[in-house]
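The block underneath contains the structure these notes are about, expressed in structure tokens.
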Amino acid sequence: GAVVSQHPSWVICKSGTSVKIECRSLDFQATTMFWYRQFPKQSLMLMATSNEGSKATYEQGVEKDKFLINHASLTLSTLTVTSAHPEDSSFYICSAHRQGHEQFFGPGTRLTVL
Amino acid sequence: KQEVTQIPAALSVPEGENLVLNCSFTDSAIYNLQWFRQDPGKGLTSLLLIQSSQREQTSGRLNASLDKSSGRSTLYIAASQPGDSATYLCAVRGTLTGANSKLTFGKGITLSVRP
């Protein structure tokens with residue numbers, strides 16, 4: 001299947017700092033990219049949907065000024081967690097989708113905010 | 001609003017057993033349904049994708065069926081192995097905006113296959 005990479009795979013940061021997570025589709029051009037977060041023993045919660053060159057669409061309850069999404073190209077999307085706090089600690093997973101095909105997921109990024 | 005349910009939340013079986021994982025969804029107007037596997041601390045691996053016009057898909061020891069009218073899908077795993085131990089997630093894609101509409105996930109079934 002198609003490959004989606006995320007970087008970094010884990011990050012530890014101090015409260016108040018910003019963290020950027022990259023998501024790349026390595027062997028296909030993604031029509032749409034999605035960002036999810038997952039708490040322990042819970043399912044994935046969609047945070048936002050982004051299409052290349054346009055603003056991301058955020059799900060209800062997700063602060064767009066806190067979780068900045070940039071979809072610079074058909075193979076790259078970034079999520080920046082601004083002014084991170086301990087409650088932002090979670091497992092963040094990106095996904096890339098090519099219209100009419102399966103949705104492929106990255107390996108996830110474990111964020112720990114101290 | 002689409003809701004996806006997977007029951008039970010956890011399942012433990014002896015190695016070699018054939019098993020069925022169930023998934024139900026409330027809105028039958030779906031574009032497709034996808035089964036994923038997630039290992040602890042890892043991302044999701046796509047197992048099978050069933051388009052709304054299809055009844056089933058097979059890959060190796062896995063077979064997924066779809067009954068759209070009744071809002072149900074099953075994932076059949078033949079001759080289970082300890083390596084099959086993982087969480088299995090069912091997700092449906094709606095038709096609101098066609099192929100780019102979002103996936104709605106169930107909470108998953110954590111499977112443990114005992115040697």
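For the structure tokens, the naming scheme is as follows: chains receive sequential letters (A, B, ...) according to their order of presentation, residues are indexed from 1 within each chain, and ligands are indexed from 1 in presentation order.
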Contacts of range 64-109 of chain A with range 7-21 of chain A up to 6 Å, shortest pair per row, only C-alpha atoms, as a Markdown table:
| residue | atom | partner | partner_atom | distance |
| --- | --- | --- | --- | --- |
| A:Thr78 | CA | A:Ile21 | CA | 5.5 |
| A:Leu79 | CA | A:Ile21 | CA | 5.1 |
| A:Thr80 | CA | A:Lys20 | CA | 4.2 |
| A:Val81 | CA | A:Val19 | CA | 5.2 |
| A:Thr82 | CA | A:Ser18 | CA | 4.4 |
| A:Ser83 | CA | A:Gly16 | CA | 4.1 |
| A:Ala84 | CA | A:Gly16 | CA | 5.1 |
| A:His85 | CA | A:Ser15 | CA | 4.9 |
| A:Thr109 | CA | A:Ser9 | CA | 4.4 |
Point to revise | Contacts of range 23-34 of chain B within 9 Å, only C-alpha atoms, excl. fewer than 6 positions in-chain, as a PyMOL selection string | key: (chain A and resi 102-103) or (chain B and resi 1-7+46-54+66-75+89-96+98-99+101+103+106+108)
Can you check which residues of chain A have any atom within 12 Å of chain B? Use only C-alpha atoms and format it as a ChimeraX atom specification.
/A:1-6,9-10,30-51,57-59,90-111
>> I'd like the contact shell of Ala79 in chain B - 7 Å cut-off, only C-alpha atoms, skipping same-chain residues fewer than 2 positions apart - returned as a PyMOL selection string.
In response: chain B and resi 16-18+77+81
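Coordinates place CA of Ala78 in chain B at a distance of 12.1 Å from CA of Val113 in chain B.
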Non-local contacts of Ser80 in chain B (10 Å; only C-alpha atoms; under 2 positions in same chain excluded) as a PyMOL selection string: chain B and resi 13-19+61-62+76-78+82-85+112-115
Pull C-alpha atoms from the residues just selected and write them as an mmCIF file, in the first residue's frame.
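Once written, again.cif looks like this:
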data_model
loop_
_atom_site.group_PDB
_atom_site.id
_atom_site.type_symbol
_atom_site.label_atom_id
_atom_site.label_comp_id
_atom_site.auth_asym_id
_atom_site.auth_seq_id
_atom_site.Cartn_x
_atom_site.Cartn_y
_atom_site.Cartn_z
ATOM 1 C CA VAL B 13 -9.385 -16.414 21.648
ATOM 2 C CA PRO B 14 -7.063 -19.425 21.430
ATOM 3 C CA GLU B 15 -4.747 -19.714 18.475
ATOM 4 C CA GLY B 16 -6.258 -21.395 15.420
ATOM 5 C CA GLU B 17 -9.809 -20.260 16.008
ATOM 6 C CA ASN B 18 -11.830 -18.629 13.247
ATOM 7 C CA LEU B 19 -13.418 -15.417 14.456
ATOM 8 C CA ARG B 61 -6.961 -14.961 5.820
ATOM 9 C CA LEU B 62 -9.158 -11.870 6.061
ATOM 10 C CA TYR B 76 -13.680 -12.634 9.370
ATOM 11 C CA ILE B 77 -10.250 -13.850 10.416
ATOM 12 C CA ALA B 78 -9.459 -17.456 9.570
ATOM 13 C CA PRO B 82 -0.804 -14.673 17.982
ATOM 14 C CA GLY B 83 0.499 -12.146 15.450
ATOM 15 C CA ASP B 84 -3.087 -11.129 14.764
ATOM 16 C CA SER B 85 -3.286 -9.618 18.242
ATOM 17 C CA SER B 112 -5.773 -11.110 21.845
ATOM 18 C CA VAL B 113 -4.880 -14.485 20.334
ATOM 19 C CA ARG B 114 -3.460 -16.866 22.952
ATOM 20 C CA PRO B 115 -0.741 -19.305 21.862
#
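Here CA of Ala56 in chain A stands at a distance of 11.3 Å from CA of Ala72 in chain A.
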